[in-house]
>>> print(open('my_file09.cif').read())   # mmCIF, C-alpha atoms
data_work
loop_
_atom_site.label_atom_id
_atom_site.label_comp_id
_atom_site.auth_asym_id
_atom_site.auth_seq_id
_atom_site.Cartn_x
_atom_site.Cartn_y
_atom_site.Cartn_z
CA MET D 1 152.46 131.27 140.52
CA PHE D 2 152.38 134.97 141.43
CA ILE D 3 153.74 137.30 144.07
CA ILE D 4 150.88 139.67 144.82
CA ASN D 5 150.28 142.41 147.38
CA SER D 6 146.76 141.91 148.73
CA PRO D 7 145.14 144.23 151.29
CA VAL D 8 143.81 142.85 154.56
CA GLU D 9 140.10 143.66 154.88
CA GLU D 10 139.11 141.81 158.05
CA ILE D 11 140.53 139.59 160.80
CA ILE D 12 138.05 137.47 162.75
CA GLU D 13 138.69 135.24 165.77
CA ILE D 14 136.35 132.30 165.07
CA ASN D 15 137.57 130.08 167.93
CA PRO D 16 139.95 130.82 170.79
CA GLN D 17 143.31 131.55 169.10
CA ILE D 18 141.91 130.56 165.65
CA TYR D 19 141.78 133.42 163.17
CA LEU D 20 140.24 134.04 159.76
CA LEU D 21 142.08 136.56 157.59
CA LYS D 22 140.09 138.13 154.74
CA VAL D 23 142.13 139.60 151.88
CA PHE D 24 141.17 141.19 148.58
CA SER D 25 142.88 139.39 145.71
CA PRO D 26 140.93 139.05 142.44
CA GLU D 27 143.92 137.51 140.65
CA LEU D 28 144.31 134.66 143.13
CA ALA D 29 140.59 134.21 143.82
CA SER D 30 139.96 133.50 140.14
CA ILE D 31 142.48 130.64 139.86
CA ILE D 32 142.95 129.06 143.31
CA LYS D 33 141.74 125.47 143.78
CA PRO D 34 140.51 123.81 147.00
CA GLY D 35 143.47 122.29 148.80
CA GLN D 36 146.09 124.65 147.39
CA PHE D 37 147.97 126.99 149.71
CA LEU D 38 149.66 130.38 149.80
CA ASN D 39 152.99 131.40 151.29
CA VAL D 40 152.52 134.66 153.17
CA ARG D 41 155.28 137.05 154.22
CA VAL D 42 154.48 138.23 157.73
CA THR D 43 157.01 141.04 158.18
CA GLU D 44 159.29 143.34 156.17
CA ARG D 45 161.98 143.46 158.84
CA ILE D 46 165.66 143.44 157.87
CA TYR D 47 165.80 139.95 159.39
CA PRO D 48 162.51 138.64 157.98
CA LEU D 49 160.80 135.57 159.33
CA LEU D 50 160.12 132.80 156.84
CA ARG D 51 156.86 132.99 154.93
CA ARG D 52 153.98 131.10 156.49
CA PRO D 53 152.18 128.46 154.38
CA LEU D 54 148.43 128.92 154.85
CA SER D 55 145.58 126.87 153.39
CA VAL D 56 142.98 128.76 151.43
CA CYS D 57 139.95 128.34 153.66
CA ASP D 58 137.36 129.83 151.32
CA VAL D 59 136.83 132.11 148.34
CA GLU D 60 133.98 134.58 147.97
CA GLY D 61 134.05 136.67 144.81
CA ASP D 62 137.35 138.55 144.78
CA HIS D 63 138.16 137.69 148.40
CA LEU D 64 140.27 134.95 149.93
CA PHE D 65 139.89 133.68 153.49
CA LEU D 66 142.93 132.21 155.24
CA MET D 67 142.62 130.29 158.52
CA PHE D 68 145.45 129.98 161.03
CA ASN D 69 146.23 129.71 164.72
CA ILE D 70 148.85 131.57 166.74
CA MET D 71 151.90 129.33 167.04
CA GLY D 72 154.69 131.88 167.39
CA GLU D 73 155.91 135.33 166.44
CA GLY D 74 154.97 135.12 162.75
CA THR D 75 151.36 134.08 163.21
CA SER D 76 150.98 136.55 166.08
CA ILE D 77 152.03 139.32 163.70
CA LEU D 78 149.46 138.09 161.16
CA ALA D 79 146.68 138.07 163.75
CA HIS D 80 147.33 141.74 164.52
CA LYS D 81 147.85 143.14 161.02
CA PRO D 82 146.20 146.58 160.67
CA ILE D 83 143.21 146.62 158.34
CA GLY D 84 144.30 147.90 154.94
CA THR D 85 147.84 146.56 155.22
CA ASP D 86 149.13 144.86 152.09
CA LEU D 87 150.17 141.22 152.49
CA ASP D 88 152.95 139.92 150.26
CA ILE D 89 151.49 136.60 149.04
CA LEU D 90 153.14 133.91 146.95
CA GLY D 91 150.79 131.49 145.22
CA PRO D 92 148.85 129.53 144.34
CA LEU D 93 151.06 126.65 145.45
CA GLY D 94 150.75 122.88 145.41
CA ASN D 95 148.00 120.70 144.01
CA GLY D 96 144.35 120.78 145.01
CA PHE D 97 141.83 118.07 145.85
CA ASN D 98 140.36 116.14 142.93
CA LEU D 99 136.66 116.79 143.46
CA GLU D 100 135.57 115.00 140.29
CA GLY D 101 134.44 111.39 140.23
CA SER D 102 131.48 109.06 140.37
CA TYR D 103 131.08 109.13 144.14
CA ASP D 104 127.79 110.50 145.46
CA THR D 105 128.83 111.34 149.05
CA ALA D 106 131.85 113.38 150.13
CA ILE D 107 133.11 112.51 153.61
CA ILE D 108 135.12 115.37 155.11
CA VAL D 109 137.36 114.36 158.02
CA ALA D 110 139.26 117.03 159.92
CA GLY D 111 141.16 117.29 163.17
CA GLY D 112 141.79 120.70 164.75
CA LEU D 113 143.11 123.25 162.25
CA GLY D 114 142.85 120.53 159.60
CA ALA D 115 139.37 121.97 159.01
CA ALA D 116 140.99 124.95 157.27
CA PRO D 117 140.67 123.88 153.60
CA PHE D 118 137.18 122.43 153.83
CA PRO D 119 134.86 125.45 153.63
CA PHE D 120 136.21 125.95 150.09
CA VAL D 121 135.78 122.23 149.33
CA THR D 122 132.22 122.41 150.68
CA ARG D 123 131.45 125.45 148.53
CA LYS D 124 132.63 123.64 145.40
CA LEU D 125 130.76 120.41 146.18
CA ASN D 126 127.53 121.95 147.49
CA ASN D 127 124.48 120.99 145.42
CA LYS D 128 126.62 118.46 143.51
CA LYS D 129 127.37 115.84 146.15
CA ARG D 130 125.97 114.83 149.53
CA ILE D 131 128.40 116.06 152.19
CA LEU D 132 129.03 114.67 155.67
CA SER D 133 131.60 116.48 157.83
CA PHE D 134 133.29 114.64 160.71
CA ILE D 135 135.16 117.24 162.74
CA GLY D 136 137.28 116.59 165.83
CA GLY D 137 139.62 118.26 168.27
CA ARG D 138 141.27 117.76 171.62
CA THR D 139 138.70 119.96 173.40
CA LYS D 140 135.59 121.89 172.39
CA ASP D 141 137.73 124.91 171.55
CA ASP D 142 139.68 122.86 168.98
CA VAL D 143 136.58 121.73 167.07
CA ILE D 144 136.30 124.07 164.06
CA THR D 145 133.02 123.94 162.14
CA TYR D 146 133.19 127.26 160.27
CA ASN D 147 131.17 127.12 157.00
CA LEU D 148 130.94 123.33 156.98
CA LYS D 149 127.85 121.25 156.24
CA ASN D 150 126.16 118.33 158.04
CA VAL D 151 128.69 118.39 160.88
CA ILE D 152 129.16 115.53 163.34
CA GLU D 153 131.56 116.48 166.14
CA ALA D 154 134.06 114.73 168.39
CA SER D 155 136.44 115.85 171.12
CA ASP D 156 139.07 113.81 172.88
CA ASP D 157 137.86 114.93 176.31
CA GLY D 158 134.15 114.66 175.55
CA SER D 159 133.51 118.39 176.01
CA ARG D 160 131.84 118.57 172.59
CA GLY D 161 130.02 115.80 170.75
CA PHE D 162 131.33 112.24 170.65
CA LYS D 163 134.03 111.43 173.22
CA GLY D 164 137.04 110.20 171.29
CA ASN D 165 139.00 111.05 168.20
CA VAL D 166 137.51 111.80 164.80
CA VAL D 167 138.43 108.45 163.21
CA GLN D 168 136.69 106.66 166.09
CA LEU D 169 133.74 108.93 165.31
CA LEU D 170 133.85 107.74 161.69
CA GLU D 171 133.75 104.12 162.77
CA ASP D 172 130.86 104.87 165.11
CA ASN D 173 128.87 106.38 162.22
CA LEU D 174 129.82 103.91 159.50
CA ASP D 175 126.20 102.88 158.95
CA LYS D 176 125.41 106.43 157.75
CA PHE D 177 127.47 106.01 154.58
CA LYS D 178 128.96 102.51 154.16
CA SER D 179 126.37 101.49 151.53
CA GLN D 180 127.00 104.61 149.43
CA GLN D 181 129.63 105.44 146.84
CA ILE D 182 131.89 107.73 148.88
CA LYS D 183 135.16 109.60 148.75
CA ILE D 184 136.98 110.77 151.85
CA PHE D 185 138.79 114.12 152.05
CA GLY D 186 140.99 114.44 155.14
CA CYS D 187 143.31 116.89 156.86
CA GLY D 188 144.72 116.98 160.36
CA PRO D 189 147.58 115.88 162.60
CA THR D 190 149.83 113.07 161.39
CA ALA D 191 148.49 110.61 163.97
CA MET D 192 144.96 111.27 162.73
CA LEU D 193 145.99 110.73 159.11
CA ARG D 194 147.64 107.41 160.00
CA SER D 195 144.43 106.24 161.63
CA LEU D 196 142.42 107.51 158.67
CA LYS D 197 144.68 105.54 156.31
CA ASP D 198 144.05 102.35 158.30
CA PHE D 199 140.31 103.07 158.26
CA SER D 200 140.26 103.70 154.50
CA ILE D 201 142.24 100.55 153.69
CA LYS D 202 140.12 98.44 156.05
CA HIS D 203 136.88 99.52 154.34
CA ASN D 204 138.31 99.99 150.83
CA PHE D 205 137.38 103.68 150.66
CA ASP D 206 138.94 106.16 148.23
CA CYS D 207 140.70 108.83 150.28
CA GLU D 208 142.68 111.98 149.55
CA VAL D 209 144.44 113.88 152.31
CA SER D 210 146.12 117.23 152.75
CA THR D 211 149.50 116.67 154.40
CA GLU D 212 151.49 119.11 156.49
CA CYS D 213 155.21 119.69 156.79
CA ALA D 214 157.61 122.47 157.74
CA MET D 215 158.28 124.49 154.58
CA ALA D 216 160.64 127.26 153.56
CA CYS D 217 160.29 128.12 149.88
CA GLY D 218 156.89 126.54 149.18
CA PHE D 219 157.62 125.47 145.60
CA GLY D 220 160.29 122.78 145.73
CA ILE D 221 163.63 124.61 145.53
CA CYS D 222 164.77 124.08 149.12
CA GLN D 223 163.82 120.36 149.20
CA GLY D 224 162.81 120.87 152.82
CA CYS D 225 159.48 119.03 152.93
CA PRO D 226 160.03 115.39 151.83
CA ILE D 227 157.42 112.68 152.18
CA GLU D 228 158.14 109.05 151.34
CA SER D 229 156.40 107.57 148.32
CA THR D 230 154.82 104.10 148.47
CA THR D 231 154.62 103.78 144.68
CA MET D 232 158.28 104.61 143.93
CA LYS D 233 160.67 102.52 146.01
CA ASP D 234 163.15 104.47 148.15
CA GLN D 235 162.03 107.78 146.64
CA TYR D 236 160.60 110.89 148.22
CA LEU D 237 158.06 113.43 147.04
CA LEU D 238 157.79 117.04 148.16
CA VAL D 239 154.75 118.15 150.13
CA CYS D 240 154.84 121.66 148.66
CA LYS D 241 155.28 120.67 145.01
CA ASP D 242 153.86 117.16 144.62
CA GLY D 243 151.22 117.69 147.31
CA PRO D 244 150.03 118.84 149.71
CA ILE D 245 147.17 116.66 148.45
CA PHE D 246 147.92 112.95 148.01
CA ASN D 247 145.95 109.77 147.64
CA ILE D 248 146.42 108.35 151.10
CA ASN D 249 147.78 105.07 149.70
CA ASP D 250 150.55 106.80 147.73
CA VAL D 251 152.58 108.16 150.64
CA VAL D 252 153.99 106.98 153.96
CA ILE D 253 152.27 108.88 156.75
#
>>> encode(input="my_file09.cif", output="structure tokens")
Amino acid sequence: MFIINSPVEEIIEINPQIYLLKVFSPELASIIKPGQFLNVRVTERIYPLLRRPLSVCDVEGDHLFLMFNIMGEGTSILAHKPIGTDLDILGPLGNGFNLEGSYDTAIIVAGGLGAAPFPFVTRKLNNKKRILSFIGGRTKDDVITYNLKNVIEASDDGSRGFKGNVVQLLEDNLDKFKSQQIKIFGCGPTAMLRSLKDFSIKHNFDCEVSTECAMACGFGICQGCPIESTTMKDQYLLVCKDGPIFNINDVVI
């Protein structure tokens, strides 16, 4: 884990209110794993805001790409950082996805900003595994397909692709992959992950998910991001330290 100052090289709005932040960071780019995150300081004010935990969206050479949406003052500051400004970044944090295994098809399932870690996953799996990406959102503006492969889309209001949520989309397309050896990689709102857990158990699919929680420190000191374990009775894990990636059967969602 490092604290590194990394210059901002580009900020791109890829969807309404969804931004991609490109930073130069050879040290982090060389060691980061898909599914890990960074804790980014957004301001140097005397009364600083808490760092913001951001998924690593992708890595190209010495550059990291971080995806986020504007939710408040901190992310608004990030979206308007001057090019060339150094970002104070803490990371890499958490555990990444386990991309190894005997499966032949990777099923990516994302809702809204849950698509953030999957361009990096796709880059690592490309030419090694077949990839199907099931991507959903409330409206067409919430469906994020940046740098994903073989995308099948859903929106709750029907404004883009299948009308319904992304797990309903999975069920509707089950024939495309049910006879194959698959592994599911998911990220999205808690309600989506609960439905994905039911789907995975029902069909006996291996599934790893990236979980989300309010964080402060990002590495387990504050104990502020507990998630209940299903394998250790009456015990809790920490999203930042033990996750954010978990086998979906190992935690209560």
>>> closest_residue(input="my_file09.cif", among="D:Ala216, D:Asn204, D:Thr43, D:Lys129", to="His80 in chain D", atoms="all atoms listed in the file")
D:Thr43
>>> closest_residue(input="my_file09.cif", among="D:Met192, D:Val166, D:Ile32, D:Val151", to="Phe97 in chain D", atoms="only C-alpha atoms")
D:Ile32
>>> atom_distance(input="my_file09.cif", atom1="CA of Ala154 in chain D", atom2="CA of Leu193 in chain D")
15.6 Å
>>> closest_residue(input="my_file09.cif", among="D:Asn95, D:Thr145, D:Asn5, D:Ser200", to="Leu174 in chain D", atoms="all atoms listed in the file")
D:Ser200
>>> residues_around(input="my_file09.cif", residues="Cys217 in chain D", least_positions_apart="4", cutoff="12 Å", atoms="only C-alpha atoms", output="ChimeraX atom specification")
/D:38-41,50-53,90-91,93-94,221-225,238-241
>>> residues_around(input="my_file09.cif", residues="Cys57 in chain D", least_positions_apart="3", cutoff="6 Å", atoms="only C-alpha atoms", output="VMD selection string")
chain D and resid 65 to 67 116 to 117 119 to 120
>>> write_last_selection(input="my_file09.cif", atoms="C-alpha atoms", output="PDB file, in the frame of the given file")
ATOM      1  CA  PHE D  65     139.890 133.680 153.490  1.00  0.00           C
ATOM      2  CA  LEU D  66     142.930 132.210 155.240  1.00  0.00           C
ATOM      3  CA  MET D  67     142.620 130.290 158.520  1.00  0.00           C
ATOM      4  CA  ALA D 116     140.990 124.950 157.270  1.00  0.00           C
ATOM      5  CA  PRO D 117     140.670 123.880 153.600  1.00  0.00           C
ATOM      6  CA  PRO D 119     134.860 125.450 153.630  1.00  0.00           C
ATOM      7  CA  PHE D 120     136.210 125.950 150.090  1.00  0.00           C
TER       8      PHE D 120
END
>>> resolve_selection(input="my_file09.cif", expression="the PyMOL selection byres ((chain D and resi 64) around 7)", output="ChimeraX atom specification")
/D:22-25,29,56,58-60,62-63,65-66
>>> residues_around(input="my_file09.cif", residues="Asp156 in chain D", least_positions_apart="3", cutoff="10 Å", atoms="only C-alpha atoms", output="list in words")
Gly136, Gly137, Arg138, Thr139, Lys140, Asp142, Ser159, Arg160, Gly161, Phe162, Lys163, Gly164, Asn165 and Val166 of chain D
>>> write_last_selection(input="my_file09.cif", atoms="C-alpha atoms", output="PDB file, in the frame of the given file")
ATOM      1  CA  GLY D 136     137.280 116.590 165.830  1.00  0.00           C
ATOM      2  CA  GLY D 137     139.620 118.260 168.270  1.00  0.00           C
ATOM      3  CA  ARG D 138     141.270 117.760 171.620  1.00  0.00           C
ATOM      4  CA  THR D 139     138.700 119.960 173.400  1.00  0.00           C
ATOM      5  CA  LYS D 140     135.590 121.890 172.390  1.00  0.00           C
ATOM      6  CA  ASP D 142     139.680 122.860 168.980  1.00  0.00           C
ATOM      7  CA  SER D 159     133.510 118.390 176.010  1.00  0.00           C
ATOM      8  CA  ARG D 160     131.840 118.570 172.590  1.00  0.00           C
ATOM      9  CA  GLY D 161     130.020 115.800 170.750  1.00  0.00           C
ATOM     10  CA  PHE D 162     131.330 112.240 170.650  1.00  0.00           C
ATOM     11  CA  LYS D 163     134.030 111.430 173.220  1.00  0.00           C
ATOM     12  CA  GLY D 164     137.040 110.200 171.290  1.00  0.00           C
ATOM     13  CA  ASN D 165     139.000 111.050 168.200  1.00  0.00           C
ATOM     14  CA  VAL D 166     137.510 111.800 164.800  1.00  0.00           C
TER      15      VAL D 166
END
>>> resolve_selection(input="my_file09.cif", expression="the PyMOL selection byres ((chain D and resi 86) around 8)", output="PyMOL selection string")
chain D and resi 5-8+84-85+87-88
>>> atom_distance(input="my_file09.cif", atom1="CA of Gly218 in chain D", atom2="CA of Gln36 in chain D")
11.1 Å
>>> atom_distance(input="my_file09.cif", atom1="CA of Asn127 in chain D", atom2="CA of Pro34 in chain D")
16.4 Å
>>> residues_near_point(input="my_file09.cif", point="(131.5, 105.5, 162.1)", cutoff="12 Å", atoms="all atoms listed in the file", output="list of chain:residue names")
D:Ile107, D:Val109, D:Leu132, D:Ser133, D:Phe134, D:Ile152, D:Glu153, D:Ala154, D:Phe162, D:Gly164, D:Asn165, D:Val166, D:Val167, D:Gln168, D:Leu169, D:Leu170, D:Glu171, D:Asp172, D:Asn173, D:Leu174, D:Asp175, D:Lys176, D:Phe177, D:Lys178, D:Leu196, D:Phe199, D:Ser200, D:His203
>>> closest_residue(input="my_file09.cif", among="D:Phe219, D:Ile227, D:Tyr146, D:Ile182", to="Phe2 in chain D", atoms="all atoms listed in the file")
D:Phe219
>>> resolve_selection(input="my_file09.cif", expression="the PyMOL selection byres ((chain D and resi 70-77) around 8)", output="list in words")
Gln17, Ile18, Val42, Thr43, Leu49, Arg52, Phe68, Asn69, Leu78, Ala79, His80 and Lys81 of chain D
>>> closest_residue(input="my_file09.cif", among="D:Glu13, D:Ile131, D:Gly96, D:Thr231", to="Ile245 in chain D", atoms="only C-alpha atoms")
D:Gly96
>>> axis_aligned_box(input="my_file09.cif", around="range 196-203 of chain D", padding_each_side="5 Å", output="JSON")
{"center_x": 140.8, "center_y": 103.0, "center_z": 156.2, "size_x": 17.8, "size_y": 19.1, "size_z": 15.0}
>>> residues_around(input="my_file09.cif", residues="Val251 in chain D", least_positions_apart="6", cutoff="12 Å", atoms="only C-alpha atoms", output="PyMOL selection string")
chain D and resi 193-194+197+207-211+226-239+242-245
>>> closest_residue(input="my_file09.cif", among="D:Glu212, D:Asp250, D:Asp157, D:Asp104", to="Ile184 in chain D", atoms="only C-alpha atoms")
D:Asp104
>>> decode(input="my_file09.cif", residues="range 31-63 of chain D", atoms="C-alpha atoms", output="PDB file, in the first residue's frame")
ATOM      1  CA  ILE D  31       0.718  -3.747  -9.266  1.00  0.00           C
ATOM      2  CA  ILE D  32      -3.032  -3.012  -9.210  1.00  0.00           C
ATOM      3  CA  LYS D  33      -5.410  -5.959  -9.722  1.00  0.00           C
ATOM      4  CA  PRO D  34      -8.923  -5.902 -11.219  1.00  0.00           C
ATOM      5  CA  GLY D  35     -11.428  -5.286  -8.449  1.00  0.00           C
ATOM      6  CA  GLN D  36      -9.063  -3.412  -6.140  1.00  0.00           C
ATOM      7  CA  PHE D  37      -9.732   0.227  -5.321  1.00  0.00           C
ATOM      8  CA  LEU D  38      -7.952   3.458  -4.427  1.00  0.00           C
ATOM      9  CA  ASN D  39      -8.764   6.028  -1.765  1.00  0.00           C
ATOM     10  CA  VAL D  40      -8.415   9.487  -3.285  1.00  0.00           C
ATOM     11  CA  ARG D  41      -8.054  12.742  -1.365  1.00  0.00           C
ATOM     12  CA  VAL D  42     -10.205  15.321  -3.106  1.00  0.00           C
ATOM     13  CA  THR D  43      -9.104  18.527  -1.365  1.00  0.00           C
ATOM     14  CA  GLU D  44      -6.267  19.928   0.757  1.00  0.00           C
ATOM     15  CA  ARG D  45      -8.526  22.239   2.748  1.00  0.00           C
ATOM     16  CA  ILE D  46      -7.944  22.770   6.465  1.00  0.00           C
ATOM     17  CA  TYR D  47     -11.195  20.849   7.008  1.00  0.00           C
ATOM     18  CA  PRO D  48     -10.620  18.106   4.435  1.00  0.00           C
ATOM     19  CA  LEU D  49     -13.387  15.902   3.149  1.00  0.00           C
ATOM     20  CA  LEU D  50     -12.901  12.172   3.598  1.00  0.00           C
ATOM     21  CA  ARG D  51     -11.045  10.362   0.846  1.00  0.00           C
ATOM     22  CA  ARG D  52     -13.243   8.861  -1.843  1.00  0.00           C
ATOM     23  CA  PRO D  53     -12.933   5.118  -2.571  1.00  0.00           C
ATOM     24  CA  LEU D  54     -12.850   4.643  -6.350  1.00  0.00           C
ATOM     25  CA  SER D  55     -12.674   1.413  -8.345  1.00  0.00           C
ATOM     26  CA  VAL D  56      -9.848   1.107 -10.809  1.00  0.00           C
ATOM     27  CA  CYS D  57     -11.756   1.096 -14.082  1.00  0.00           C
ATOM     28  CA  ASP D  58      -8.847   0.273 -16.379  1.00  0.00           C
ATOM     29  CA  VAL D  59      -5.073   0.330 -16.739  1.00  0.00           C
ATOM     30  CA  GLU D  60      -3.195   1.264 -19.900  1.00  0.00           C
ATOM     31  CA  GLY D  61       0.578   1.254 -19.609  1.00  0.00           C
ATOM     32  CA  ASP D  62       1.497   3.684 -16.841  1.00  0.00           C
ATOM     33  CA  HIS D  63      -2.000   5.176 -16.643  1.00  0.00           C
TER      34      HIS D  63
END
